[in-house]
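*Asks:* A single structure is presented below for examination.
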Amino acid sequence: MDTGPALVSILRQGSYLIASIHTALDDSQMIRFQEDLIEQIGQRRSRGVIIDVAALDVLDSFGSKTLRNIGEMARLRGATTVIVGIQPDVAFAMVSLGMGTGSLYTALDLEEGLEYLDRNVRKDPGAVGTTSSSLS
Amino acid sequence: MVQRFVHSRVANEAVADDIVQETLVRMLVAVERVEPGILEPYAIVTARNLVASMWREQERHRRNQHRIVDLRGPDSPDESLLEQEDRGAVAEALGRLSERDRRTLVAHEVSGQDTQSLAEELGVTAGAVAAQLNRSRARLRVEYLLALEPGGSVTDRCRPVLFAMSSGDRRRQREVDAARHLLECALCEKLSQPLLARGQRSDDQVRIRIHADADIVLARQSAREVAARLEFPRTDLTVIATAVSEIARNIVRFTEGGEVVVELLEEPRRGVRIVARDTGPGIPDVEAALVDGYSTYHGLGLGLPGARRLMDEFAVVSEVGRGTTVTMTKWRQEG
C-alpha cells in the first residue's frame, strides 16, 4: 500500500476536499480510504467533500455501503458529500443489484459536483438552525 | 530384446553396447524391487531413460560448446538417487495398469508399434487403440505421481478425481465433482498441479483462488476479462463483475477459502458461467439466505440475492459443515 502509485488522492480546494479514487480498491483499502477521509474533514475543517469514483470498475454492495457510510459520517462531522463520476454501466449494475443509494448526493462530474456544493454548503456556520421554522 | 531396442535408437555401435550393458547392470540392481511380471517393460523403460539421458547430454554439450569450460559438475549422489526413485515410480505405475493397457502402451511407446497394427492385433479400430492409449497414459501419470508420494493417504475419491484431471476431461471432472475434492484433499491438490500444468491451458477458463480481500478484486477483473472475449456489452461485463464481487466476498467473509472459476460456454448458447466453491461452514437455510436483508454480519444482506438478480441463472448448493457451491450464468444476448 505504501509503495507504488497512490490508490487515492485527497486534495484540498478551499473549504472542500476532493478525493479521487484512481483504481479498483479492495475492501480493506476502501475502509482505509474512509478513515483517511473522515480524519481529514476534521483536520482541514472542510465543509464539502467530493468523491470521484470514475475509475471504479465496480460498485458492489460493500463499495456502495462504504460510500454511504462516508456520506453519513461526513454529515455528522458537518460536511456535505457528493459522489461524482459513477459510470453508466456501474449505475446500471448498482440498480440491478438492488442497492438503495437514496441518501447519497450525486453529480455527473467534478464540475457539477463543485456547483452543487457551492449551492448547498452553508457558508456561515452561525446560520445553523435558524431557517427550520419555516417548515411548520 | 533390450539390445534390439537400443540399437534401433542409437546408431553408434559402441555407444549402444555401453547402454545395453548399463541397462543390464541396473536391472540386476533393481531385480529385487521389481515384480517379475514387469521385468521386461522395466528393462525397456530403463534403457529408454538411458538413451534419453544420453541424448540430453549430447544436446547440452552442443548448446554449451561455446563455453569452453563445462561449468556443470558430475552428477551429485542424490541426483542419481532421485533418478532411481523416479524409475521405481515408473515401474510401480506400470504395474498398476491392467495387463492389456500395459502391453499396448509399452508396444506403442517403447517398441514403436503404430496404432494401426496394434488395432489389427487387438481386433479393434485404430481410433479405439488411440483412445485406450490416451486413457493408459492418463492413468500412468496418476499412478506415477501417487507412487512418488508413498506417505499420502489415498481415499476412494482420489483416483477417479486425479484420473479426470490427468485426462483433461471436463465432463468427467464435473461428474466426480473434482473441483470440490481438490479443495478438500491436500494430496490431490498437490498432485493435480503437474497434471494441470501439462494440459494445454485453455484460455476460456480461469480459476482464481479466493483467500483475502485482494482476491475479490482479482476475481471480478478476471471475470470481466474472460467475458470480454465473447464481446459482451460493457454493461453486462460490469454486471458480471459485480456479481462475482458479491459471491467472492462471501467466500472471504464466511469461509477459510475457496475458488472462483470463470468459464465461457458455447452450448446451448454463448455465455459465461461462474462457479464459486468454498469449504466453509455451509448455509443452513439457503432459501432464507436468498432473501434481501438476510445478513449474518453487518452487511446489507445483498450478496446472494443481489448476485441472483444480476445473473440469468443462479443456483446454490450448500451442505452444512462441508461448503457451498454457487453456480451462475450470464447469457450473451444475440443480435
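Identifiers in the C-alpha cells: chain A, B, ... in order shown; residue index from 1 per chain; ligand index from 1 in order shown.
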When the cut-off is 12 Å and we count only C-alpha atoms, which residues of chain B are near chain A, given as a ChimeraX atom specification?
*Replies:* /B:212-221,224-225,233-250,252-253,291-293,298-312
*Asks:* Need to verify the contact set: stretch 106-110 of chain A, 8 Å, only C-alpha atoms, exclusion of same-chain residues closer than 2 positions in sequence. Can you return it as a list of chain:residue names?
*Replies:*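 Counting only the stated atoms, we get A:Ile50, A:Asp52, A:Val82, A:Ile83, A:Val84, A:Gly85, A:Ile86, A:Leu104, A:Glu112, A:Gly113, A:Leu114, A:Tyr116.
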*Asks:* Which residues are close to stretch 157-162 of chain B, i.e. within 7 Å by only C-alpha atoms, leaving aside same-chain residues fewer than 3 positions away? Reply as a short mmCIF file (atom, residue, chain, number, x, y, z; two decimals) with N, CA and C atoms, in the first residue's frame.
*Replies:*
```cif
data_model
loop_
_atom_site.label_atom_id
_atom_site.label_comp_id
_atom_site.auth_asym_id
_atom_site.auth_seq_id
_atom_site.Cartn_x
_atom_site.Cartn_y
_atom_site.Cartn_z
N VAL B 142 -1.12 -40.59 -13.28
CA VAL B 142 -1.67 -40.57 -11.92
C VAL B 142 -0.91 -41.54 -11.02
N VAL B 154 -4.47 -42.05 0.44
CA VAL B 154 -5.28 -42.05 -0.77
C VAL B 154 -6.66 -42.61 -0.45
N MET B 165 -8.56 -35.38 -13.88
CA MET B 165 -7.69 -34.23 -14.09
C MET B 165 -6.63 -34.57 -15.13
N SER B 166 -6.09 -35.79 -15.01
CA SER B 166 -5.00 -36.21 -15.88
C SER B 166 -5.44 -36.30 -17.33
N GLN B 173 -14.61 -34.54 -15.03
CA GLN B 173 -14.24 -33.77 -13.83
C GLN B 173 -15.49 -33.28 -13.11
N VAL B 176 -17.38 -36.30 -11.28
CA VAL B 176 -16.82 -36.74 -9.99
C VAL B 176 -16.63 -35.55 -9.05
N ALA B 178 -14.70 -32.98 -9.24
CA ALA B 178 -13.26 -32.91 -8.98
C ALA B 178 -12.86 -31.63 -8.27
N CYS B 188 -4.43 -34.49 -3.36
CA CYS B 188 -4.84 -34.34 -4.75
C CYS B 188 -4.60 -32.92 -5.25
N SER B 192 -2.43 -32.58 -8.47
CA SER B 192 -3.10 -32.11 -9.68
C SER B 192 -2.32 -30.96 -10.33
#
```
*Asks:* Which residues are near B:Val206? Cut-off 7 Å, only C-alpha atoms, ignore same chain within fewer than 5 positions. Put them as a list in words.
*Replies:*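 Contacts, with the query itself left out: Val261, Val262 and Glu263 of chain B.
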*Asks:* Any chance you could export the current selection's C-alpha atoms as a compact mmCIF listing (two decimals), in the first residue's frame?
*Replies:*
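Printed below is selection.txt as written:
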```
# COMPACT_ATOMS: atom_id res chain seq x y z
CA VAL B 261 -13.91 -20.46 -11.80
CA VAL B 262 -14.94 -18.43 -14.81
CA GLU B 263 -15.77 -20.40 -17.91
```
*Asks:* Quick one: residues within 12 Å of A:Arg75, only C-alpha atoms counted, chain neighbours fewer than 2 positions away excluded, as an MDAnalysis selection string?
*Replies:* chainID A and resid 38 41:42 46:49 68:73 77:82 103:105 121
